[in-house]
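**Q** Pasting target31.pdb here (PDB, C-alpha atoms):
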ATOM      1  CA  MET A 889       0.000   0.000   0.000
ATOM      2  CA  LEU A 890       1.249   3.478  -0.875
ATOM      3  CA  ARG A 891       0.525   6.265   1.571
ATOM      4  CA  LEU A 892       0.607   9.544  -0.308
ATOM      5  CA  ASP A 893       0.231  11.678   2.802
ATOM      6  CA  LEU A 894      -2.280  13.890   1.040
ATOM      7  CA  ALA A 895      -5.379  14.872   2.994
ATOM      8  CA  ILE A 896      -7.626  13.718   0.175
ATOM      9  CA  THR A 897      -6.111  12.464  -3.083
ATOM     10  CA  LEU A 898      -8.311  13.603  -5.942
ATOM     11  CA  ARG A 899      -6.205  12.703  -8.938
ATOM     12  CA  ILE A 900      -3.400  10.301  -9.890
ATOM     13  CA  GLU A 901      -1.925  10.550 -13.385
ATOM     14  CA  PHE A 902       0.860   8.594 -15.129
ATOM     15  CA  ASP A 903       3.357  10.135 -17.541
ATOM     16  CA  ARG A 904       3.469   9.060 -21.191
ATOM     17  CA  ASP A 905       5.986   6.265 -20.494
ATOM     18  CA  ASP A 906       4.316   5.018 -17.300
ATOM     19  CA  GLU A 907       7.570   5.659 -15.420
ATOM     20  CA  LEU A 908       6.335   8.443 -13.165
ATOM     21  CA  PHE A 909       3.013   9.227 -11.614
ATOM     22  CA  ALA A 910       1.756  12.392  -9.993
ATOM     23  CA  ALA A 911      -0.750  12.671  -7.187
ATOM     24  CA  ALA A 912      -2.671  15.779  -6.193
ATOM     25  CA  GLY A 913      -5.468  16.647  -3.865
ATOM     26  CA  VAL A 914      -6.700  19.174  -1.397
ATOM     27  CA  SER A 915      -3.331  19.440   0.375
ATOM     28  CA  TRP A 916      -2.132  22.251  -1.927
ATOM     29  CA  GLY A 917       0.569  20.295  -3.696
ATOM     30  CA  ILE A 918       1.674  17.848  -6.353
ATOM     31  CA  LYS A 919       3.812  14.837  -5.528
ATOM     32  CA  VAL A 920       5.598  12.907  -8.283
ATOM     33  CA  PHE A 921       6.710   9.322  -7.654
ATOM     34  CA  ASP A 922       8.910   6.883  -9.555
ATOM     35  CA  TYR A 923       6.552   3.993 -10.351
ATOM     36  CA  SER A 924       9.244   1.272 -10.402
ATOM     37  CA  MET A 925      10.573   2.367  -7.010
ATOM     38  CA  VAL A 926       7.109   2.215  -5.500
ATOM     39  CA  LEU A 927       6.519  -1.270  -6.914
ATOM     40  CA  ASN A 928       9.922  -2.809  -6.264
ATOM     41  CA  GLU A 929      11.099  -1.350  -2.980
ATOM     42  CA  PRO A 930       9.460  -2.491   0.234
ATOM     43  CA  ALA A 931       8.582   0.510   2.342
ATOM     44  CA  ASP A 932       5.665   1.699   4.395
ATOM     45  CA  VAL A 933       5.966   5.223   3.034
ATOM     46  CA  HIS A 934       7.558   6.160  -0.294
ATOM     47  CA  CYS A 935       9.171   9.536  -0.781
ATOM     48  CA  PRO A 936       8.265  11.541  -3.867
ATOM     49  CA  VAL A 937      11.025  12.292  -6.372
ATOM     50  CA  VAL A 938       9.521  15.760  -6.883
ATOM     51  CA  GLU A 939       7.184  17.795  -4.720
ATOM     52  CA  MET A 940       5.657  21.128  -5.723
ATOM     53  CA  CYS A 941       3.536  23.460  -3.631
ATOM     54  CA  THR A 942       0.470  25.098  -5.120
ATOM     55  CA  ARG A 943      -1.493  28.213  -4.167
ATOM     56  CA  SER A 944      -4.825  26.457  -3.911
ATOM     57  CA  LYS A 945      -6.439  23.045  -3.623
ATOM     58  CA  LEU A 946      -6.098  21.090  -6.866
ATOM     59  CA  SER A 947      -8.925  19.490  -8.773
ATOM     60  CA  CYS A 948      -7.195  17.962 -11.814
ATOM     61  CA  LEU A 949      -3.833  16.913 -13.298
ATOM     62  CA  SER A 950      -2.803  16.080 -16.848
ATOM     63  CA  TRP A 951       0.642  15.123 -18.196
ATOM     64  CA  ASN A 952       1.792  16.642 -21.478
ATOM     65  CA  LYS A 953       1.697  13.875 -24.105
ATOM     66  CA  TYR A 954       4.741  15.274 -25.936
ATOM     67  CA  SER A 955       6.965  16.661 -23.190
ATOM     68  CA  LYS A 956       7.604  14.281 -20.314
ATOM     69  CA  ASN A 957       8.636  16.993 -17.877
ATOM     70  CA  HIS A 958       5.425  19.067 -18.125
ATOM     71  CA  ILE A 959       2.220  18.535 -16.198
ATOM     72  CA  ALA A 960      -0.814  20.806 -16.007
ATOM     73  CA  SER A 961      -2.928  21.318 -12.916
ATOM     74  CA  SER A 962      -6.185  23.088 -12.297
ATOM     75  CA  ASP A 963      -7.427  24.359  -8.976
ATOM     76  CA  TYR A 964     -10.748  25.220  -7.397
ATOM     77  CA  GLU A 965     -10.202  28.923  -8.090
ATOM     78  CA  GLY A 966     -10.222  28.257 -11.851
ATOM     79  CA  THR A 967      -6.484  28.624 -12.449
ATOM     80  CA  VAL A 968      -4.645  26.280 -14.820
ATOM     81  CA  THR A 969      -0.893  26.022 -14.243
ATOM     82  CA  VAL A 970       1.734  24.243 -16.360
ATOM     83  CA  TRP A 971       4.590  22.833 -14.284
ATOM     84  CA  ASP A 972       8.112  21.791 -15.266
ATOM     85  CA  ILE A 973       8.696  18.907 -12.877
ATOM     86  CA  PHE A 974      12.439  18.671 -13.549
ATOM     87  CA  ASN A 975      12.965  22.336 -12.602
ATOM     88  CA  LYS A 976      10.136  22.399 -10.015
ATOM     89  CA  SER A 977       8.784  25.586 -11.544
ATOM     90  CA  ASN A 978       5.664  26.892 -13.248
TER      91      ASN A 978
END
For this file, write the structure as structure tokens.
**A**
Amino acid sequence: MLRLDLAITLRIEFDRDDELFAAAGVSWGIKVFDYSMVLNEPADVHCPVVEMCTRSKLSCLSWNKYSKNHIASSDYEGTVTVWDIFNKSN
């Protein structure tokens, strides 16, 4: 079992190669995990490879189909943000 440590996880999305997945919820952040590490390493809690703070609670995530390092999020205030997960910036 994977504990994401998010108050309520609303969305989990995989990247185009199914190597990474991102989780978001009402905890005002996005956590990106390495899928193979989660599957193959025994641990009670897995640490994200990337963690980004947001300004509001998130409602949706979507990976860019052409650029592996970009993910879009939308929040409950109506803002859509494109993130560069390798640089941890928007």
**Q** Leaving out Arg904 in chain A and any residue of its chain fewer than 2 positions from it, which residues lie within 7 Å of it when counting only C-alpha atoms, given as a VMD selection string?
**A** chain A and resid 902 906 953 956
**Q** Name all residues at most 10 Å from range 945-950 of chain A (count only C-alpha atoms; drop same-chain ones fewer than 5 positions away) and give them as a ChimeraX atom specification.
**A** /A:897-903,910-918,958-970
**Q** Tell me which of A:Lys976, A:Trp971, A:Val933, A:Leu908 sits closest to Val920 in chain A, counting only C-alpha atoms.
**A**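 For Val920 in chain A, the nearest of the given residues is A:Leu908.
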**Q** Could you please determine the separation between CA of Ala931 in chain A and CA of Asp972 in chain A in Å, to one decimal place?
**A** 27.6 Å
**Q** If you measure from CA of Lys919 in chain A to CA of Val938 in chain A, what distance in Å do you get, rounded to one decimal?
**A**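 Computed distance, CA of Lys919 in chain A to CA of Val938 in chain A, equals 5.9 Å.
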**Q** Between CA of Thr942 in chain A and CA of Pro930 in chain A, what is the spacing in Å?
**A**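 Straight-line distance from CA of Pro930 in chain A to CA of Thr942 in chain A works out to 29.5 Å.
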**Q** Which residue out of A:Met925, A:Ile896, A:Cys941, A:Cys935 has the minimum interatomic distance to Asn978 in chain A when all atoms listed in the file are used?
**A**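 Closest to Asn978 in chain A of all the choices is A:Cys941.
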**Q** How big is the axis-aligned box around all listed atoms of range 973-976 of chain A once 3 Å goes on each side, and where's its centre, in Å to one decimal, as lines of an AutoDock Vina configuration file?
**A**
center_x = 10.8
center_y = 20.5
center_z = -11.8
size_x = 10.3
size_y = 9.7
size_z = 9.5
**Q** Within 7 Å of Glu907 in chain A, counting all atoms listed in the file, which residues show up once you throw out same-chain ones fewer than 5 positions away? Write them as a PyMOL selection string, please.
**A** chain A and resi 922-924
